[in-house]
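Q: Have a look at this one.
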Amino acid sequence: MTVIIILIVLGILLFVIEFLLVPGVTIAGIGGLILTVFGVYKAFEDYGSTVGVWVLIGTILLSVFVIAMSLRARTWNRLMLKTDIRGTVDRDLTEEQMKIGDRGVALTRLAPMGKILVNDLVREAKSVEGFVDEHTDIEIVSIEGTKINIKPLKNK
């Protein structure tokens, strides 16, 4: 009887792994099904139909109980990562940082978006005149909040 209990418990454990950790039809689910069915089959074969039916009913009840317990919120609260992720978003640019007419250089290719360097600040900008190659001198055309529009300077 110990082998039957071990087979059924391992099968249910593999089902829980299948439902919660590796969703989809994987080896854990198939293995859980095989172990559970084989444990119930072994109970029927070794101990007869009366014990086999009781083992089957017990397996079904145990499966429902274990899955219900594993889906409860308190179970997952013990496993959850409880750290805060703090971050900030760029705020509007001030006149001291950048203003219309400031000049800089394109750090990356603007197609039409890319990185620019103006007044020792690296920002993302958009070209209003098509693509701009990297290392091209640029000029700020407009600033709306954190959105910067630039145009390339013509080499003279």
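Letters A, B, ... go to the chains of the structure tokens in the order shown; residues in each chain start at 1; ligands are counted from 1 in the same order.
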What's the 9 Å shell around Val128 of chain A, counting only C-alpha atoms, without same-chain residues fewer than 2 positions away, as a ChimeraX atom specification?

A: /A:112,126,130-131,141,149-152

Q: Could you save the residues just selected, with all heavy atoms, as a PDB file, in the first residue's frame?

A:
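Final output, out_27.pdb:
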```
ATOM      1  N   PRO A 112      13.257  57.953 -37.562  1.00  0.00           N
ATOM      2  CA  PRO A 112      13.538  59.352 -37.280  1.00  0.00           C
ATOM      3  C   PRO A 112      13.879  59.611 -35.816  1.00  0.00           C
ATOM      4  O   PRO A 112      14.186  60.727 -35.445  1.00  0.00           O
ATOM      5  CB  PRO A 112      12.239  60.043 -37.659  1.00  0.00           C
ATOM      6  CG  PRO A 112      11.179  59.041 -37.367  1.00  0.00           C
ATOM      7  CD  PRO A 112      11.820  57.708 -37.672  1.00  0.00           C
ATOM      8  N   LYS A 126      13.628  63.473 -32.090  1.00  0.00           N
ATOM      9  CA  LYS A 126      13.046  63.079 -33.373  1.00  0.00           C
ATOM     10  C   LYS A 126      13.474  64.079 -34.438  1.00  0.00           C
ATOM     11  O   LYS A 126      13.445  65.292 -34.210  1.00  0.00           O
ATOM     12  CB  LYS A 126      11.523  63.055 -33.264  1.00  0.00           C
ATOM     13  CG  LYS A 126      10.832  62.662 -34.533  1.00  0.00           C
ATOM     14  CD  LYS A 126       9.326  62.659 -34.348  1.00  0.00           C
ATOM     15  CE  LYS A 126       8.638  62.298 -35.645  1.00  0.00           C
ATOM     16  NZ  LYS A 126       7.188  62.361 -35.506  1.00  0.00           N
ATOM     17  N   GLY A 130      13.625  63.980 -41.970  1.00  0.00           N
ATOM     18  CA  GLY A 130      14.071  62.665 -42.423  1.00  0.00           C
ATOM     19  C   GLY A 130      15.142  62.076 -41.527  1.00  0.00           C
ATOM     20  O   GLY A 130      15.271  62.424 -40.356  1.00  0.00           O
ATOM     21  N   PHE A 131      15.941  61.188 -42.096  1.00  0.00           N
ATOM     22  CA  PHE A 131      16.965  60.492 -41.335  1.00  0.00           C
ATOM     23  C   PHE A 131      18.185  61.383 -41.131  1.00  0.00           C
ATOM     24  O   PHE A 131      18.556  62.179 -41.982  1.00  0.00           O
ATOM     25  CB  PHE A 131      17.392  59.220 -42.051  1.00  0.00           C
ATOM     26  CG  PHE A 131      16.273  58.223 -42.215  1.00  0.00           C
ATOM     27  CD1 PHE A 131      16.242  57.384 -43.307  1.00  0.00           C
ATOM     28  CD2 PHE A 131      15.262  58.123 -41.285  1.00  0.00           C
ATOM     29  CE1 PHE A 131      15.229  56.467 -43.462  1.00  0.00           C
ATOM     30  CE2 PHE A 131      14.239  57.208 -41.428  1.00  0.00           C
ATOM     31  CZ  PHE A 131      14.213  56.367 -42.522  1.00  0.00           C
ATOM     32  N   VAL A 141      14.723  72.271 -32.872  1.00  0.00           N
ATOM     33  CA  VAL A 141      13.693  73.051 -33.547  1.00  0.00           C
ATOM     34  C   VAL A 141      12.532  73.346 -32.602  1.00  0.00           C
ATOM     35  O   VAL A 141      11.996  74.450 -32.585  1.00  0.00           O
ATOM     36  CB  VAL A 141      13.178  72.295 -34.797  1.00  0.00           C
ATOM     37  CG1 VAL A 141      12.066  73.049 -35.468  1.00  0.00           C
ATOM     38  CG2 VAL A 141      14.309  72.011 -35.748  1.00  0.00           C
ATOM     39  N   ASN A 149      12.341  67.902 -30.977  1.00  0.00           N
ATOM     40  CA  ASN A 149      12.425  67.793 -32.430  1.00  0.00           C
ATOM     41  C   ASN A 149      13.679  68.523 -32.883  1.00  0.00           C
ATOM     42  O   ASN A 149      13.951  69.641 -32.432  1.00  0.00           O
ATOM     43  CB  ASN A 149      11.187  68.388 -33.097  1.00  0.00           C
ATOM     44  CG  ASN A 149       9.939  67.577 -32.797  1.00  0.00           C
ATOM     45  OD1 ASN A 149       9.965  66.356 -32.836  1.00  0.00           O
ATOM     46  ND2 ASN A 149       8.859  68.250 -32.479  1.00  0.00           N
ATOM     47  N   ILE A 150      14.429  67.889 -33.775  1.00  0.00           N
ATOM     48  CA  ILE A 150      15.688  68.473 -34.235  1.00  0.00           C
ATOM     49  C   ILE A 150      15.737  68.476 -35.753  1.00  0.00           C
ATOM     50  O   ILE A 150      14.941  67.804 -36.414  1.00  0.00           O
ATOM     51  CB  ILE A 150      16.909  67.718 -33.681  1.00  0.00           C
ATOM     52  CG1 ILE A 150      16.928  66.237 -34.140  1.00  0.00           C
ATOM     53  CG2 ILE A 150      16.930  67.762 -32.182  1.00  0.00           C
ATOM     54  CD1 ILE A 150      17.833  65.977 -35.286  1.00  0.00           C
ATOM     55  N   LYS A 151      16.696  69.234 -36.273  1.00  0.00           N
ATOM     56  CA  LYS A 151      16.988  69.166 -37.706  1.00  0.00           C
ATOM     57  C   LYS A 151      18.505  69.153 -37.837  1.00  0.00           C
ATOM     58  O   LYS A 151      19.230  69.669 -36.969  1.00  0.00           O
ATOM     59  CB  LYS A 151      16.391  70.365 -38.442  1.00  0.00           C
ATOM     60  CG  LYS A 151      17.038  71.680 -38.117  1.00  0.00           C
ATOM     61  CD  LYS A 151      16.464  72.797 -38.960  1.00  0.00           C
ATOM     62  CE  LYS A 151      17.196  74.090 -38.620  1.00  0.00           C
ATOM     63  NZ  LYS A 151      16.768  75.197 -39.442  1.00  0.00           N
ATOM     64  N   PRO A 152      19.001  68.545 -38.889  1.00  0.00           N
ATOM     65  CA  PRO A 152      20.456  68.531 -39.091  1.00  0.00           C
ATOM     66  C   PRO A 152      20.938  69.899 -39.546  1.00  0.00           C
ATOM     67  O   PRO A 152      20.229  70.621 -40.229  1.00  0.00           O
ATOM     68  CB  PRO A 152      20.656  67.473 -40.169  1.00  0.00           C
ATOM     69  CG  PRO A 152      19.380  67.428 -40.905  1.00  0.00           C
ATOM     70  CD  PRO A 152      18.300  67.775 -39.929  1.00  0.00           C
TER      71      PRO A 152
END
```

Q: Considering only C-alpha atoms, return as a list in words whatever protein or nucleic-acid residues lie within 8 Å of Asp137 of chain A, sequence-local ones (same chain, fewer than 5 positions apart) excluded.

A: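 Residues near the query, excluding close chain neighbours: Arg103, Gly104, Val105, Ala106, Pro152 and Leu153 of chain A.
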
Q: Nearest to Val55 of chain A among A:Val9, A:Ile100, A:Thr136, A:Thr26, with distances taken over only C-alpha atoms: which residue is it?

A: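 Of all the options, A:Val9 lies closest to Val55 of chain A.
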
Q: So which residues touch segment 143-147 of chain A within 12 Å, counting only C-alpha atoms, skipping near sequence neighbours fewer than 4 positions away, as a list in words?

A: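 Near segment 143-147 of chain A, the qualifying residues are Val89, Asp90, Arg91, Asp92, Leu93, Thr94, Glu95, Gln97, Met98, Lys99, Ile100, Gly101, Asp102, Met113, Gly114, Lys115, Arg123, Glu124, Ala125, Lys126, Ser127, Val128 and Glu139 of chain A.
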
Q: Go through segment 5-122 of chain A and collect every residue that DSSP, computed from the backbone, puts in strand (DSSP E or B); the answer should be as a list in words.

A: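 Put together, the selection reads Arg103, Gly104, Val105, Ala106, Leu110, Met113, Gly114, Lys115, Ile116, Leu117, Val118, Leu121 and Val122 of chain A.
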
Q: Enter the distance from atom CA of Gly39 of chain A to atom CA of Gly52 of chain A, in Å, rounded to one decimal.

A: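 Calculated distance between atom CA of Gly39 of chain A and atom CA of Gly52 of chain A is 9.6 Å.
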
Q: Report, in Å with one decimal, the straight-line distance from atom CA of Ile6 of chain A to atom CA of Gly24 of chain A.

A: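 About the pair atom CA of Ile6 of chain A and atom CA of Gly24 of chain A: they are 24.5 Å apart.
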
Q: Just the number, please: distance in Å from atom CA of Val53 of chain A to atom CA of Leu10 of chain A, one decimal.

A: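 Straight-line distance from atom CA of Val53 of chain A to atom CA of Leu10 of chain A works out to 19.4 Å.
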
Q: For Leu20 of chain A, which residue out of A:Val51, A:Leu61, A:Val40, A:Leu71 is the nearest one, using only C-alpha atoms?

A: A:Leu71

Q: From a backbone DSSP assignment, name each residue in segment 18-152 of chain A labelled alpha helix (DSSP H), as a ChimeraX atom specification.

A: /A:18-20,27-70,73-79

Q: Let me make sure I understand: among A:Leu117, A:Ile34, A:Glu18, A:Ala43, which one has the smallest atom-to-atom distance to Val3 of chain A if we use only C-alpha atoms?

A: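 Looking at the shortest contact to Val3 of chain A, the residue is A:Ala43.
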
Q: Would you pick out the contacts of Val16 of chain A at 10 Å or less, using only C-alpha atoms, so that residues sharing its chain but fewer than 2 positions from it are not included, and give the list as a VMD selection string?

A: chain A and resid 10 to 14 18 to 23 28 to 29 32 63 66 to 67 70 to 71
